[in-house]
Amino acid sequence: MNLANNNLSGQHISLLGHYLPGLANLSLQNNDIKTYRDMDFISRRKDKLVALKELVLIGNPLREEMMVK
């Protein structure tokens with residue numbers, strides 16, 4: 001699923017695991033994912049994306065900050 005370039009943050013993606021539990025590929029490229037806490041929304045114990053194999057985070061503040069270090 002491609003959700004790139006939508007200015008999304010953690011709260012916007014919080015229900016993906018509930019409605020799409022079998023989602024295997026997710027692009028969140030060029031959004032507004034700033035902290036690891038934002039990522040908790042897709043990896044919480046309940047409704048997490050257990051089938052996720054690929055996650056694209058290019059262009060998000062979290063990923064870009066980690067690449068600079």
# chains A, B, ... in the order shown; residues from 1 in each chain; ligands from 1
>>> residues_around(residues="Ala4 in chain A", least_positions_apart="3", cutoff="10 Å", atoms="only C-alpha atoms", output="MDAnalysis selection string")
chainID A and resid 1 7:8 26:31 56:59
>>> write_last_selection(atoms="all heavy atoms", output="mmCIF file, in the first residue's frame")
data_model
loop_
_atom_site.group_PDB
_atom_site.id
_atom_site.type_symbol
_atom_site.label_atom_id
_atom_site.label_comp_id
_atom_site.auth_asym_id
_atom_site.auth_seq_id
_atom_site.Cartn_x
_atom_site.Cartn_y
_atom_site.Cartn_z
ATOM 1 N N MET A 1 0.846 -1.155 0.000
ATOM 2 C CA MET A 1 0.000 0.000 0.000
ATOM 3 C C MET A 1 0.900 1.229 0.000
ATOM 4 O O MET A 1 1.856 1.303 0.757
ATOM 5 C CB MET A 1 -0.897 0.012 1.232
ATOM 6 C CG MET A 1 -1.679 1.301 1.388
ATOM 7 S SD MET A 1 -2.803 1.276 2.775
ATOM 8 C CE MET A 1 -4.177 0.502 1.958
ATOM 9 N N ASN A 7 1.421 13.745 4.293
ATOM 10 C CA ASN A 7 1.610 14.471 5.552
ATOM 11 C C ASN A 7 1.056 13.691 6.750
ATOM 12 O O ASN A 7 0.482 14.262 7.664
ATOM 13 C CB ASN A 7 0.993 15.875 5.471
ATOM 14 C CG ASN A 7 1.596 16.812 6.496
ATOM 15 O OD1 ASN A 7 2.769 16.711 6.825
ATOM 16 N ND2 ASN A 7 0.794 17.721 7.004
ATOM 17 N N LEU A 8 1.213 12.377 6.709
ATOM 18 C CA LEU A 8 0.694 11.511 7.772
ATOM 19 C C LEU A 8 1.653 11.469 8.958
ATOM 20 O O LEU A 8 2.861 11.548 8.805
ATOM 21 C CB LEU A 8 0.493 10.084 7.252
ATOM 22 C CG LEU A 8 -0.468 9.915 6.091
ATOM 23 C CD1 LEU A 8 -0.472 8.470 5.627
ATOM 24 C CD2 LEU A 8 -1.865 10.355 6.464
ATOM 25 N N LEU A 26 4.263 -1.515 2.894
ATOM 26 C CA LEU A 26 3.696 -0.217 3.233
ATOM 27 C C LEU A 26 4.725 0.873 2.961
ATOM 28 O O LEU A 26 5.833 0.834 3.472
ATOM 29 C CB LEU A 26 3.295 -0.186 4.712
ATOM 30 C CG LEU A 26 2.760 1.122 5.275
ATOM 31 C CD1 LEU A 26 1.500 1.567 4.532
ATOM 32 C CD2 LEU A 26 2.481 0.969 6.763
ATOM 33 N N SER A 27 4.354 1.829 2.123
ATOM 34 C CA SER A 27 5.206 2.992 1.888
ATOM 35 C C SER A 27 4.606 4.190 2.587
ATOM 36 O O SER A 27 3.486 4.605 2.279
ATOM 37 C CB SER A 27 5.334 3.285 0.389
ATOM 38 O OG SER A 27 6.058 4.494 0.220
ATOM 39 N N LEU A 28 5.365 4.734 3.517
ATOM 40 C CA LEU A 28 5.004 5.971 4.209
ATOM 41 C C LEU A 28 5.991 7.072 3.831
ATOM 42 O O LEU A 28 6.231 8.000 4.591
ATOM 43 C CB LEU A 28 5.007 5.742 5.725
ATOM 44 C CG LEU A 28 3.960 4.771 6.240
ATOM 45 C CD1 LEU A 28 4.191 4.461 7.712
ATOM 46 C CD2 LEU A 28 2.564 5.319 6.018
ATOM 47 N N GLN A 29 6.536 6.964 2.643
ATOM 48 C CA GLN A 29 7.551 7.892 2.170
ATOM 49 C C GLN A 29 7.043 9.325 2.166
ATOM 50 O O GLN A 29 5.895 9.591 1.810
ATOM 51 C CB GLN A 29 7.964 7.488 0.752
ATOM 52 C CG GLN A 29 9.095 8.290 0.191
ATOM 53 C CD GLN A 29 9.585 7.739 -1.136
ATOM 54 O OE1 GLN A 29 9.292 6.607 -1.501
ATOM 55 N NE2 GLN A 29 10.333 8.534 -1.866
ATOM 56 N N ASN A 30 7.922 10.250 2.567
ATOM 57 C CA ASN A 30 7.639 11.690 2.551
ATOM 58 C C ASN A 30 6.391 12.065 3.337
ATOM 59 O O ASN A 30 5.512 12.762 2.845
ATOM 60 C CB ASN A 30 7.524 12.204 1.109
ATOM 61 C CG ASN A 30 8.809 12.034 0.340
ATOM 62 O OD1 ASN A 30 9.890 12.194 0.892
ATOM 63 N ND2 ASN A 30 8.708 11.671 -0.919
ATOM 64 N N ASN A 31 6.308 11.587 4.561
ATOM 65 C CA ASN A 31 5.222 11.955 5.457
ATOM 66 C C ASN A 31 5.801 12.685 6.662
ATOM 67 O O ASN A 31 6.853 13.313 6.550
ATOM 68 C CB ASN A 31 4.411 10.719 5.854
ATOM 69 C CG ASN A 31 3.407 10.347 4.788
ATOM 70 O OD1 ASN A 31 2.435 11.048 4.562
ATOM 71 N ND2 ASN A 31 3.650 9.231 4.109
ATOM 72 N N VAL A 56 8.687 1.435 3.983
ATOM 73 C CA VAL A 56 9.502 2.496 3.390
ATOM 74 C C VAL A 56 9.262 3.783 4.170
ATOM 75 O O VAL A 56 8.137 4.258 4.253
ATOM 76 C CB VAL A 56 9.147 2.703 1.897
ATOM 77 C CG1 VAL A 56 9.975 3.818 1.297
ATOM 78 C CG2 VAL A 56 9.326 1.407 1.121
ATOM 79 N N LEU A 57 10.339 4.335 4.735
ATOM 80 C CA LEU A 57 10.245 5.551 5.547
ATOM 81 C C LEU A 57 11.083 6.707 4.996
ATOM 82 O O LEU A 57 11.253 7.724 5.665
ATOM 83 C CB LEU A 57 10.679 5.258 6.981
ATOM 84 C CG LEU A 57 9.769 4.331 7.776
ATOM 85 C CD1 LEU A 57 10.397 3.981 9.105
ATOM 86 C CD2 LEU A 57 8.401 4.957 7.965
ATOM 87 N N ILE A 58 11.578 6.588 3.790
ATOM 88 C CA ILE A 58 12.398 7.642 3.177
ATOM 89 C C ILE A 58 11.624 8.959 3.191
ATOM 90 O O ILE A 58 10.438 8.988 2.897
ATOM 91 C CB ILE A 58 12.768 7.258 1.728
ATOM 92 C CG1 ILE A 58 13.637 6.011 1.721
ATOM 93 C CG2 ILE A 58 13.479 8.412 1.020
ATOM 94 C CD1 ILE A 58 13.812 5.394 0.349
ATOM 95 N N GLY A 59 12.306 10.033 3.549
ATOM 96 C CA GLY A 59 11.701 11.354 3.514
ATOM 97 C C GLY A 59 10.919 11.730 4.762
ATOM 98 O O GLY A 59 10.271 12.765 4.782
#
>>> select_by_dssp(residues="chain A", states="helix (DSSP H, G or I)", output="list in words")
Gly10, Gln11, His12, Ile13, Leu16, Gly17, His18, Tyr19, Tyr36, Arg37, Asp38, Met39, Asp40, Phe41, Ile42, Ser43, Pro61, Leu62, Arg63, Glu64, Glu65, Met66, Met67 and Val68 of chain A
>>> closest_residue(among="A:Leu16, A:Leu49, A:Ile42, A:Ile33", to="Glu65 in chain A", atoms="only C-alpha atoms")
A:Ile33
>>> residues_around(residues="Pro21 in chain A", least_positions_apart="4", cutoff="8 Å", atoms="only C-alpha atoms", output="PyMOL selection string")
chain A and resi 16-17+47-51
>>> write_last_selection(atoms="all heavy atoms", output="PDB file, in the first residue's frame")
ATOM      1  N   LEU A  16      -4.385   0.977  10.704  1.00  0.00           N
ATOM      2  CA  LEU A  16      -4.018   0.108   9.588  1.00  0.00           C
ATOM      3  C   LEU A  16      -4.028  -1.362   9.981  1.00  0.00           C
ATOM      4  O   LEU A  16      -4.533  -2.204   9.243  1.00  0.00           O
ATOM      5  CB  LEU A  16      -2.638   0.479   9.042  1.00  0.00           C
ATOM      6  CG  LEU A  16      -2.567   1.712   8.169  1.00  0.00           C
ATOM      7  CD1 LEU A  16      -1.125   1.995   7.790  1.00  0.00           C
ATOM      8  CD2 LEU A  16      -3.425   1.555   6.931  1.00  0.00           C
ATOM      9  N   GLY A  17      -3.463  -1.678  11.121  1.00  0.00           N
ATOM     10  CA  GLY A  17      -3.420  -3.070  11.567  1.00  0.00           C
ATOM     11  C   GLY A  17      -4.792  -3.645  11.826  1.00  0.00           C
ATOM     12  O   GLY A  17      -5.021  -4.839  11.626  1.00  0.00           O
ATOM     13  N   ASP A  47      -3.726  -5.290  17.259  1.00  0.00           N
ATOM     14  CA  ASP A  47      -3.898  -4.777  15.896  1.00  0.00           C
ATOM     15  C   ASP A  47      -2.588  -4.395  15.209  1.00  0.00           C
ATOM     16  O   ASP A  47      -2.557  -3.513  14.367  1.00  0.00           O
ATOM     17  CB  ASP A  47      -4.829  -3.556  15.877  1.00  0.00           C
ATOM     18  CG  ASP A  47      -6.236  -3.880  16.320  1.00  0.00           C
ATOM     19  OD1 ASP A  47      -6.654  -5.040  16.160  1.00  0.00           O
ATOM     20  OD2 ASP A  47      -6.913  -2.985  16.837  1.00  0.00           O
ATOM     21  N   LYS A  48      -1.501  -5.061  15.541  1.00  0.00           N
ATOM     22  CA  LYS A  48      -0.249  -4.729  14.858  1.00  0.00           C
ATOM     23  C   LYS A  48      -0.207  -5.382  13.479  1.00  0.00           C
ATOM     24  O   LYS A  48      -0.965  -6.305  13.183  1.00  0.00           O
ATOM     25  CB  LYS A  48       0.951  -5.135  15.696  1.00  0.00           C
ATOM     26  CG  LYS A  48       1.079  -6.618  15.955  1.00  0.00           C
ATOM     27  CD  LYS A  48       2.257  -6.884  16.856  1.00  0.00           C
ATOM     28  CE  LYS A  48       2.307  -8.348  17.206  1.00  0.00           C
ATOM     29  NZ  LYS A  48       3.424  -8.650  18.076  1.00  0.00           N
ATOM     30  N   LEU A  49       0.675  -4.908  12.653  1.00  0.00           N
ATOM     31  CA  LEU A  49       0.822  -5.420  11.298  1.00  0.00           C
ATOM     32  C   LEU A  49       1.782  -6.607  11.308  1.00  0.00           C
ATOM     33  O   LEU A  49       2.959  -6.482  10.982  1.00  0.00           O
ATOM     34  CB  LEU A  49       1.330  -4.305  10.376  1.00  0.00           C
ATOM     35  CG  LEU A  49       0.382  -3.136  10.183  1.00  0.00           C
ATOM     36  CD1 LEU A  49       1.059  -1.999   9.457  1.00  0.00           C
ATOM     37  CD2 LEU A  49      -0.869  -3.568   9.443  1.00  0.00           C
ATOM     38  N   VAL A  50       1.284  -7.767  11.654  1.00  0.00           N
ATOM     39  CA  VAL A  50       2.141  -8.951  11.819  1.00  0.00           C
ATOM     40  C   VAL A  50       2.686  -9.483  10.504  1.00  0.00           C
ATOM     41  O   VAL A  50       3.713 -10.150  10.488  1.00  0.00           O
ATOM     42  CB  VAL A  50       1.403 -10.074  12.584  1.00  0.00           C
ATOM     43  CG1 VAL A  50       1.098  -9.638  13.999  1.00  0.00           C
ATOM     44  CG2 VAL A  50       0.142 -10.488  11.867  1.00  0.00           C
ATOM     45  N   ALA A  51       2.028  -9.197   9.384  1.00  0.00           N
ATOM     46  CA  ALA A  51       2.481  -9.702   8.088  1.00  0.00           C
ATOM     47  C   ALA A  51       3.402  -8.726   7.362  1.00  0.00           C
ATOM     48  O   ALA A  51       3.873  -9.015   6.269  1.00  0.00           O
ATOM     49  CB  ALA A  51       1.265 -10.025   7.213  1.00  0.00           C
TER      50      ALA A  51
END
>>> atom_distance(atom1="CA of Asp32 in chain A", atom2="CA of Asn60 in chain A")
5.6 Å
>>> select_by_dssp(residues="range 27-66 of chain A", states="strand (DSSP E)", output="CSV table (one decimal) with all heavy atoms, in the first residue's frame")
chain,number,residue,atom,x,y,z
A,27,SER,N,4.4,1.8,2.1
A,27,SER,CA,5.2,3.0,1.9
A,27,SER,C,4.6,4.2,2.6
A,27,SER,O,3.5,4.6,2.3
A,27,SER,CB,5.3,3.3,0.4
A,27,SER,OG,6.1,4.5,0.2
A,54,GLU,N,7.8,-5.2,4.3
A,54,GLU,CA,8.6,-4.0,3.8
A,54,GLU,C,7.9,-2.8,4.3
A,54,GLU,O,6.7,-2.6,4.2
A,54,GLU,CB,8.6,-4.1,2.3
A,54,GLU,CG,9.3,-2.9,1.7
A,54,GLU,CD,9.2,-2.9,0.2
A,54,GLU,OE1,8.2,-3.4,-0.4
A,54,GLU,OE2,10.1,-2.3,-0.4
A,55,LEU,N,8.7,-1.8,4.8
A,55,LEU,CA,8.3,-0.6,5.3
A,55,LEU,C,9.2,0.5,4.8
A,55,LEU,O,10.4,0.5,5.1
A,55,LEU,CB,8.2,-0.5,6.8
A,55,LEU,CG,7.8,0.8,7.5
A,55,LEU,CD1,6.4,1.2,7.1
A,55,LEU,CD2,7.9,0.7,9.0
A,56,VAL,N,8.7,1.4,4.0
A,56,VAL,CA,9.5,2.5,3.4
A,56,VAL,C,9.3,3.8,4.2
A,56,VAL,O,8.1,4.3,4.3
A,56,VAL,CB,9.1,2.7,1.9
A,56,VAL,CG1,10.0,3.8,1.3
A,56,VAL,CG2,9.3,1.4,1.1
>>> residues_around(residues="Phe41 in chain A", least_positions_apart="5", cutoff="8 Å", atoms="only C-alpha atoms", output="list in words")
Gly10, Gln11, Ile13, Ser14, Leu15 and Lys48 of chain A
>>> write_last_selection(atoms="all heavy atoms", output="PDB file, in the first residue's frame")
ATOM      1  N   GLY A  10       1.873   9.416  13.139  1.00  0.00           N
ATOM      2  CA  GLY A  10       1.516   8.153  13.777  1.00  0.00           C
ATOM      3  C   GLY A  10       0.028   7.950  13.984  1.00  0.00           C
ATOM      4  O   GLY A  10      -0.507   6.875  13.729  1.00  0.00           O
ATOM      5  N   GLN A  11      -0.651   8.978  14.441  1.00  0.00           N
ATOM      6  CA  GLN A  11      -2.081   8.820  14.721  1.00  0.00           C
ATOM      7  C   GLN A  11      -2.884   8.526  13.458  1.00  0.00           C
ATOM      8  O   GLN A  11      -3.901   7.858  13.511  1.00  0.00           O
ATOM      9  CB  GLN A  11      -2.639  10.055  15.409  1.00  0.00           C
ATOM     10  CG  GLN A  11      -2.660  11.296  14.538  1.00  0.00           C
ATOM     11  CD  GLN A  11      -3.095  12.520  15.318  1.00  0.00           C
ATOM     12  OE1 GLN A  11      -2.823  12.628  16.502  1.00  0.00           O
ATOM     13  NE2 GLN A  11      -3.760  13.420  14.647  1.00  0.00           N
ATOM     14  N   ILE A  13      -2.018   6.624  11.011  1.00  0.00           N
ATOM     15  CA  ILE A  13      -1.843   5.236  10.575  1.00  0.00           C
ATOM     16  C   ILE A  13      -2.191   4.228  11.662  1.00  0.00           C
ATOM     17  O   ILE A  13      -1.981   3.039  11.503  1.00  0.00           O
ATOM     18  CB  ILE A  13      -0.403   4.998  10.068  1.00  0.00           C
ATOM     19  CG1 ILE A  13       0.623   5.342  11.139  1.00  0.00           C
ATOM     20  CG2 ILE A  13      -0.150   5.790   8.806  1.00  0.00           C
ATOM     21  CD1 ILE A  13       2.035   5.031  10.774  1.00  0.00           C
ATOM     22  N   SER A  14      -2.785   4.693  12.716  1.00  0.00           N
ATOM     23  CA  SER A  14      -3.028   3.843  13.885  1.00  0.00           C
ATOM     24  C   SER A  14      -4.004   2.694  13.639  1.00  0.00           C
ATOM     25  O   SER A  14      -3.935   1.688  14.324  1.00  0.00           O
ATOM     26  CB  SER A  14      -3.519   4.685  15.063  1.00  0.00           C
ATOM     27  OG  SER A  14      -4.771   5.277  14.770  1.00  0.00           O
ATOM     28  N   LEU A  15      -4.887   2.803  12.681  1.00  0.00           N
ATOM     29  CA  LEU A  15      -5.886   1.759  12.461  1.00  0.00           C
ATOM     30  C   LEU A  15      -5.544   0.815  11.305  1.00  0.00           C
ATOM     31  O   LEU A  15      -6.325  -0.070  10.981  1.00  0.00           O
ATOM     32  CB  LEU A  15      -7.266   2.382  12.217  1.00  0.00           C
ATOM     33  CG  LEU A  15      -7.830   3.139  13.412  1.00  0.00           C
ATOM     34  CD1 LEU A  15      -9.138   3.824  13.046  1.00  0.00           C
ATOM     35  CD2 LEU A  15      -8.035   2.216  14.597  1.00  0.00           C
ATOM     36  N   LYS A  48      -1.501  -5.061  15.541  1.00  0.00           N
ATOM     37  CA  LYS A  48      -0.249  -4.729  14.858  1.00  0.00           C
ATOM     38  C   LYS A  48      -0.207  -5.382  13.479  1.00  0.00           C
ATOM     39  O   LYS A  48      -0.965  -6.305  13.183  1.00  0.00           O
ATOM     40  CB  LYS A  48       0.951  -5.135  15.696  1.00  0.00           C
ATOM     41  CG  LYS A  48       1.079  -6.618  15.955  1.00  0.00           C
ATOM     42  CD  LYS A  48       2.257  -6.884  16.856  1.00  0.00           C
ATOM     43  CE  LYS A  48       2.307  -8.348  17.206  1.00  0.00           C
ATOM     44  NZ  LYS A  48       3.424  -8.650  18.076  1.00  0.00           N
TER      45      LYS A  48
END
>>> residues_around(residues="Lys34 in chain A", least_positions_apart="6", cutoff="8 Å", atoms="only C-alpha atoms", output="list in words")
Ser9, Asn60, Pro61 and Leu62 of chain A
>>> write_last_selection(atoms="C-alpha atoms", output="mmCIF file, in the first residue's frame")
data_model
loop_
_atom_site.group_PDB
_atom_site.id
_atom_site.type_symbol
_atom_site.label_atom_id
_atom_site.label_comp_id
_atom_site.auth_asym_id
_atom_site.auth_seq_id
_atom_site.Cartn_x
_atom_site.Cartn_y
_atom_site.Cartn_z
ATOM 1 C CA SER A 9 1.856 11.066 11.355
ATOM 2 C CA ASN A 60 10.328 11.222 7.066
ATOM 3 C CA PRO A 61 11.982 13.278 9.839
ATOM 4 C CA LEU A 62 12.672 10.123 11.903
#
>>> atom_distance(atom1="CA of Ala24 in chain A", atom2="CA of His12 in chain A")
18.3 Å
>>> decode(residues="range 28-41 of chain A", atoms="N, CA, C and O atoms", output="CSV table (one decimal), in the first residue's frame")
chain,number,residue,atom,x,y,z
A,28,LEU,N,5.4,4.7,3.5
A,28,LEU,CA,5.0,6.0,4.2
A,28,LEU,C,6.0,7.1,3.8
A,28,LEU,O,6.2,8.0,4.6
A,29,GLN,N,6.5,7.0,2.6
A,29,GLN,CA,7.6,7.9,2.2
A,29,GLN,C,7.0,9.3,2.2
A,29,GLN,O,5.9,9.6,1.8
A,30,ASN,N,7.9,10.2,2.6
A,30,ASN,CA,7.6,11.7,2.6
A,30,ASN,C,6.4,12.1,3.3
A,30,ASN,O,5.5,12.8,2.8
A,31,ASN,N,6.3,11.6,4.6
A,31,ASN,CA,5.2,12.0,5.5
A,31,ASN,C,5.8,12.7,6.7
A,31,ASN,O,6.9,13.3,6.5
A,32,ASP,N,5.2,12.6,7.8
A,32,ASP,CA,5.6,13.4,9.0
A,32,ASP,C,5.8,12.5,10.2
A,32,ASP,O,5.4,12.8,11.3
A,33,ILE,N,6.5,11.3,9.9
A,33,ILE,CA,6.8,10.4,11.0
A,33,ILE,C,8.1,10.9,11.7
A,33,ILE,O,9.1,11.0,11.1
A,34,LYS,N,7.9,11.4,12.9
A,34,LYS,CA,9.0,12.1,13.6
A,34,LYS,C,9.7,11.3,14.7
A,34,LYS,O,10.9,11.5,15.0
A,35,THR,N,9.0,10.4,15.4
A,35,THR,CA,9.5,9.7,16.5
A,35,THR,C,9.3,8.2,16.4
A,35,THR,O,8.4,7.8,15.7
A,36,TYR,N,10.0,7.5,17.2
A,36,TYR,CA,9.7,6.1,17.3
A,36,TYR,C,8.3,5.8,17.9
A,36,TYR,O,7.7,4.8,17.6
A,37,ARG,N,7.8,6.7,18.7
A,37,ARG,CA,6.5,6.6,19.2
A,37,ARG,C,5.5,6.6,18.1
A,37,ARG,O,4.5,5.9,18.2
A,38,ASP,N,5.7,7.4,17.1
A,38,ASP,CA,4.8,7.3,15.9
A,38,ASP,C,4.8,5.9,15.3
A,38,ASP,O,3.7,5.5,14.8
A,39,MET,N,5.9,5.2,15.4
A,39,MET,CA,5.9,3.9,14.8
A,39,MET,C,5.2,2.9,15.7
A,39,MET,O,4.8,1.8,15.2
A,40,ASP,N,5.0,3.2,17.0
A,40,ASP,CA,4.3,2.3,17.9
A,40,ASP,C,2.8,2.1,17.4
A,40,ASP,O,2.3,1.0,17.7
A,41,PHE,N,2.3,3.0,16.6
A,41,PHE,CA,1.0,2.9,16.2
A,41,PHE,C,0.8,1.7,15.2
A,41,PHE,O,-0.3,1.1,15.1
